[in-house]
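Notes follow once the structure below has been shown.
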Amino acid sequence: MGFLLQPFPLPFPAALSTTPKIPKRTFSPPTAASNPKPPDLKTWAHDFRSKSLKFVLAGTFALGISLSGLSAADAKVGVNKPELLPKEFSPVIDVAGFLSAGQEKRLLQEIEDLEKDTGFKLRILAQNYPDTPGLAIKDFWQVDDRTIVFVADPTFGNILNFNVGASVDLDIPRSFWSRLSGKYGNMFYWKEKGEDASVEAAVIAISNCLREPVGPNNCSDVK
């Protein structure tokens, strides 16, 4: 996972004695603290997903407005490669080469229509970490509270990762993003249908969700 393990220093050994004292052995009944319950599979999977998402977003930028409240402090140092940015502005940056020219054109049109109709800005970065413009996209895209940054990166198995602005977070249930990732981002889906299919399906689902009236049941289905 890229984390640095730092061993605790060992205590300096006490001076040796010719007649070492043997401590008394006493019986203590086992307690919950001495026999901690191992985490169940659900908890482990959730923790792994959170760590993975931190790592991927650190490779793009650290905004502090992401779905899980991620912080750069416990994530890997972000990459900053402005030379990988396109020469002209584009809401779609495909440094990984997942998309064909036709697919990119369709996505650009969908993003333009979505912004016109809803005011929300969808931005797509397809990458294979660490080959990414990384932190440079924040200024390039002028990321703000109404921006959704969609990072397509298969590094950790699930290819769909999202970082959303505060205004988006108010209107869209957080569960929508996890359900979207689970449906179209899982390894079985993109390995069978291709990374491009995952990206296109996710964009359609996001567009449908953002066009729904805000209410208790909005975005309940991933379409």
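Letters for chains follow the order of the structure tokens (A, B, ...), residue numbers begin at 1 for each chain, and ligand numbers begin at 1 in the order shown.
When the distance limit is 12 Å and only C-alpha atoms are what count, the residues near Pro216 (chain A), minus those fewer than 6 positions from it on the same chain, are Leu170, Asp171, Ile172 and Pro173 of chain A.
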- Write out as a ChimeraX atom specification which residues come within 7 Å of region 178-195 of chain A when counting only C-alpha atoms, dropping same-chain ones fewer than 5 positions away. /A:98,157-160,201-202,222
Atoms kept (N, CA, C and O atoms) for selection, written as a PDB file, in the first residue's frame:
```pdb
ATOM      1  N   PHE A  98      -7.282   4.995 -22.343  1.00  0.00           N
ATOM      2  CA  PHE A  98      -8.425   4.089 -22.246  1.00  0.00           C
ATOM      3  C   PHE A  98      -9.482   4.365 -23.315  1.00  0.00           C
ATOM      4  O   PHE A  98     -10.204   3.464 -23.725  1.00  0.00           O
ATOM      5  N   GLY A 157      -7.714  -2.218  -8.255  1.00  0.00           N
ATOM      6  CA  GLY A 157      -8.787  -3.162  -8.581  1.00  0.00           C
ATOM      7  C   GLY A 157     -10.035  -2.457  -9.048  1.00  0.00           C
ATOM      8  O   GLY A 157     -10.467  -2.626 -10.185  1.00  0.00           O
ATOM      9  N   ASN A 158     -10.650  -1.649  -8.167  1.00  0.00           N
ATOM     10  CA  ASN A 158     -11.827  -0.886  -8.581  1.00  0.00           C
ATOM     11  C   ASN A 158     -11.367   0.361  -9.324  1.00  0.00           C
ATOM     12  O   ASN A 158     -10.598   1.164  -8.810  1.00  0.00           O
ATOM     13  N   ILE A 159     -11.860   0.528 -10.535  1.00  0.00           N
ATOM     14  CA  ILE A 159     -11.334   1.575 -11.417  1.00  0.00           C
ATOM     15  C   ILE A 159     -11.972   2.938 -11.182  1.00  0.00           C
ATOM     16  O   ILE A 159     -11.442   3.963 -11.617  1.00  0.00           O
ATOM     17  N   LEU A 160     -13.113   2.991 -10.501  1.00  0.00           N
ATOM     18  CA  LEU A 160     -13.842   4.254 -10.345  1.00  0.00           C
ATOM     19  C   LEU A 160     -13.565   4.892  -8.990  1.00  0.00           C
ATOM     20  O   LEU A 160     -13.811   4.303  -7.944  1.00  0.00           O
ATOM     21  N   ALA A 201     -20.094   4.117 -18.761  1.00  0.00           N
ATOM     22  CA  ALA A 201     -21.257   3.759 -17.945  1.00  0.00           C
ATOM     23  C   ALA A 201     -21.354   4.652 -16.713  1.00  0.00           C
ATOM     24  O   ALA A 201     -22.449   5.077 -16.323  1.00  0.00           O
ATOM     25  N   ALA A 202     -20.218   4.969 -16.102  1.00  0.00           N
ATOM     26  CA  ALA A 202     -20.204   5.827 -14.916  1.00  0.00           C
ATOM     27  C   ALA A 202     -20.663   7.240 -15.258  1.00  0.00           C
ATOM     28  O   ALA A 202     -21.430   7.850 -14.504  1.00  0.00           O
ATOM     29  N   VAL A 222     -28.738   3.314  -9.596  1.00  0.00           N
ATOM     30  CA  VAL A 222     -27.603   3.600 -10.496  1.00  0.00           C
ATOM     31  C   VAL A 222     -28.019   3.185 -11.893  1.00  0.00           C
ATOM     32  O   VAL A 222     -28.107   1.996 -12.186  1.00  0.00           O
TER      33      VAL A 222
END
```
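You will find CA of Gly215 (chain A) at 23.1 Å from CA of Val149 (chain A).
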- Message: If we count only C-alpha atoms and set the cut-off at 7 Å, which residues sit around Lys81 (chain A), ignoring sequence neighbours fewer than 5 positions away in its own chain? Please answer as a PyMOL selection string.
- Response: chain A and resi 132-134+136
- Task: Go through A:Gly102, A:Gly78, A:Pro86, A:Gly119 one by one, measure the shortest atom-to-atom distance of each to Glu200 (chain A) using only C-alpha atoms, and give the residue with the smallest value.
- Result: A:Gly102
- Message: One number please: CA of Asp196 (chain A) to CA of Ala96 (chain A), in Å, one decimal.
- Response: 10.6 Å
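Residues with any atom within 7 Å of Ala152 (chain A), counting only C-alpha atoms and excluding same-chain neighbours fewer than 2 positions away, are Leu125, Ala126, Gln127, Phe150, Pro154, Ile159, Leu160, Asn161 and Val199 of chain A.
The two atoms in question, CA of Val164 (chain A) and CA of Cys209 (chain A), are spaced 13.9 Å apart.
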How would you write, as a compact mmCIF listing (two decimals) with N, CA and C atoms, in the first residue's frame, the set of residues in region 97-180 of chain A that DSSP gives as alpha helix (DSSP H)?
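The file below, part-v3.txt, is the result:
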```txt
# COMPACT_ATOMS: atom_id res chain seq x y z
N ALA A 101 -11.01 8.18 -29.77
CA ALA A 101 -11.33 9.58 -30.11
C ALA A 101 -12.84 9.79 -30.11
N GLY A 102 -13.60 8.81 -30.62
CA GLY A 102 -15.06 8.91 -30.66
C GLY A 102 -15.66 8.92 -29.27
N GLN A 103 -15.16 8.08 -28.40
CA GLN A 103 -15.66 8.03 -27.02
C GLN A 103 -15.38 9.34 -26.29
N GLU A 104 -14.19 9.86 -26.49
CA GLU A 104 -13.83 11.12 -25.83
C GLU A 104 -14.73 12.25 -26.31
N LYS A 105 -15.05 12.25 -27.59
CA LYS A 105 -15.93 13.29 -28.15
C LYS A 105 -17.33 13.20 -27.53
N ARG A 106 -17.85 11.98 -27.38
CA ARG A 106 -19.17 11.79 -26.77
C ARG A 106 -19.17 12.26 -25.31
N LEU A 107 -18.10 11.93 -24.59
CA LEU A 107 -18.01 12.35 -23.19
C LEU A 107 -17.93 13.87 -23.06
N LEU A 108 -17.18 14.50 -23.94
CA LEU A 108 -17.06 15.97 -23.91
C LEU A 108 -18.43 16.62 -24.13
N GLN A 109 -19.21 16.07 -25.05
CA GLN A 109 -20.55 16.63 -25.31
C GLN A 109 -21.46 16.43 -24.11
N GLU A 110 -21.39 15.25 -23.50
CA GLU A 110 -22.23 14.96 -22.33
C GLU A 110 -21.87 15.89 -21.17
N ILE A 111 -20.60 16.11 -20.96
CA ILE A 111 -20.14 16.98 -19.87
C ILE A 111 -20.59 18.42 -20.11
N GLU A 112 -20.49 18.86 -21.36
CA GLU A 112 -20.92 20.23 -21.70
C GLU A 112 -22.41 20.40 -21.46
N ASP A 113 -23.21 19.44 -21.90
CA ASP A 113 -24.67 19.51 -21.71
C ASP A 113 -25.02 19.47 -20.23
N LEU A 114 -24.33 18.62 -19.49
CA LEU A 114 -24.61 18.47 -18.06
C LEU A 114 -24.34 19.78 -17.31
N GLU A 115 -23.24 20.43 -17.63
CA GLU A 115 -22.89 21.68 -16.97
C GLU A 115 -23.89 22.79 -17.31
N LYS A 116 -24.34 22.77 -18.56
CA LYS A 116 -25.33 23.76 -19.00
C LYS A 116 -26.66 23.56 -18.27
N ASP A 117 -27.05 22.30 -18.09
CA ASP A 117 -28.36 22.00 -17.51
C ASP A 117 -28.39 22.04 -15.99
N THR A 118 -27.28 21.71 -15.34
CA THR A 118 -27.30 21.58 -13.88
C THR A 118 -26.36 22.53 -13.15
N ALA A 136 -1.40 19.01 -10.54
CA ALA A 136 -1.53 20.06 -11.56
C ALA A 136 -2.96 20.22 -12.06
N ILE A 137 -3.80 19.20 -11.92
CA ILE A 137 -5.16 19.31 -12.46
C ILE A 137 -6.03 20.27 -11.65
N LYS A 138 -5.67 20.51 -10.40
CA LYS A 138 -6.51 21.39 -9.56
C LYS A 138 -6.61 22.78 -10.17
N ASP A 139 -5.49 23.37 -10.52
CA ASP A 139 -5.51 24.71 -11.12
C ASP A 139 -5.96 24.64 -12.58
N PHE A 140 -5.55 23.60 -13.28
CA PHE A 140 -5.91 23.46 -14.70
C PHE A 140 -7.43 23.44 -14.87
N TRP A 141 -8.12 22.74 -13.99
CA TRP A 141 -9.58 22.62 -14.07
C TRP A 141 -10.31 23.64 -13.20
N ALA A 166 -18.20 20.39 -2.14
CA ALA A 166 -19.16 20.48 -1.02
C ALA A 166 -20.59 20.65 -1.50
N SER A 167 -20.82 21.44 -2.55
CA SER A 167 -22.18 21.65 -3.06
C SER A 167 -22.75 20.37 -3.66
N VAL A 168 -21.90 19.61 -4.31
CA VAL A 168 -22.34 18.32 -4.87
C VAL A 168 -22.72 17.38 -3.73
N ASP A 169 -21.91 17.39 -2.69
CA ASP A 169 -22.13 16.51 -1.55
C ASP A 169 -23.47 16.79 -0.86
N LEU A 170 -23.93 18.03 -0.92
CA LEU A 170 -25.21 18.39 -0.31
C LEU A 170 -26.38 17.79 -1.09
N ASP A 171 -26.25 17.69 -2.41
CA ASP A 171 -27.36 17.25 -3.25
C ASP A 171 -27.37 15.75 -3.54
N ARG A 174 -24.13 10.22 -0.45
CA ARG A 174 -22.79 9.62 -0.54
C ARG A 174 -22.86 8.14 -0.94
N SER A 175 -23.95 7.50 -0.58
CA SER A 175 -24.09 6.08 -0.93
C SER A 175 -24.13 5.88 -2.45
N PHE A 176 -24.53 6.91 -3.19
CA PHE A 176 -24.60 6.77 -4.65
C PHE A 176 -23.22 6.45 -5.22
N TRP A 177 -22.19 7.13 -4.71
CA TRP A 177 -20.85 6.95 -5.27
C TRP A 177 -20.30 5.56 -4.99
N SER A 178 -20.58 5.03 -3.81
CA SER A 178 -20.10 3.68 -3.51
C SER A 178 -20.86 2.64 -4.32
N ARG A 179 -22.17 2.87 -4.52
CA ARG A 179 -22.94 1.92 -5.33
C ARG A 179 -22.51 1.98 -6.80
N LEU A 180 -22.20 3.18 -7.26
CA LEU A 180 -21.72 3.34 -8.63
C LEU A 180 -20.39 2.62 -8.83
```
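Of the listed residues (A:Val203, A:Glu212, A:Leu135, A:Asp221), A:Val203 comes nearest to Val92 (chain A); the distances count only C-alpha atoms.
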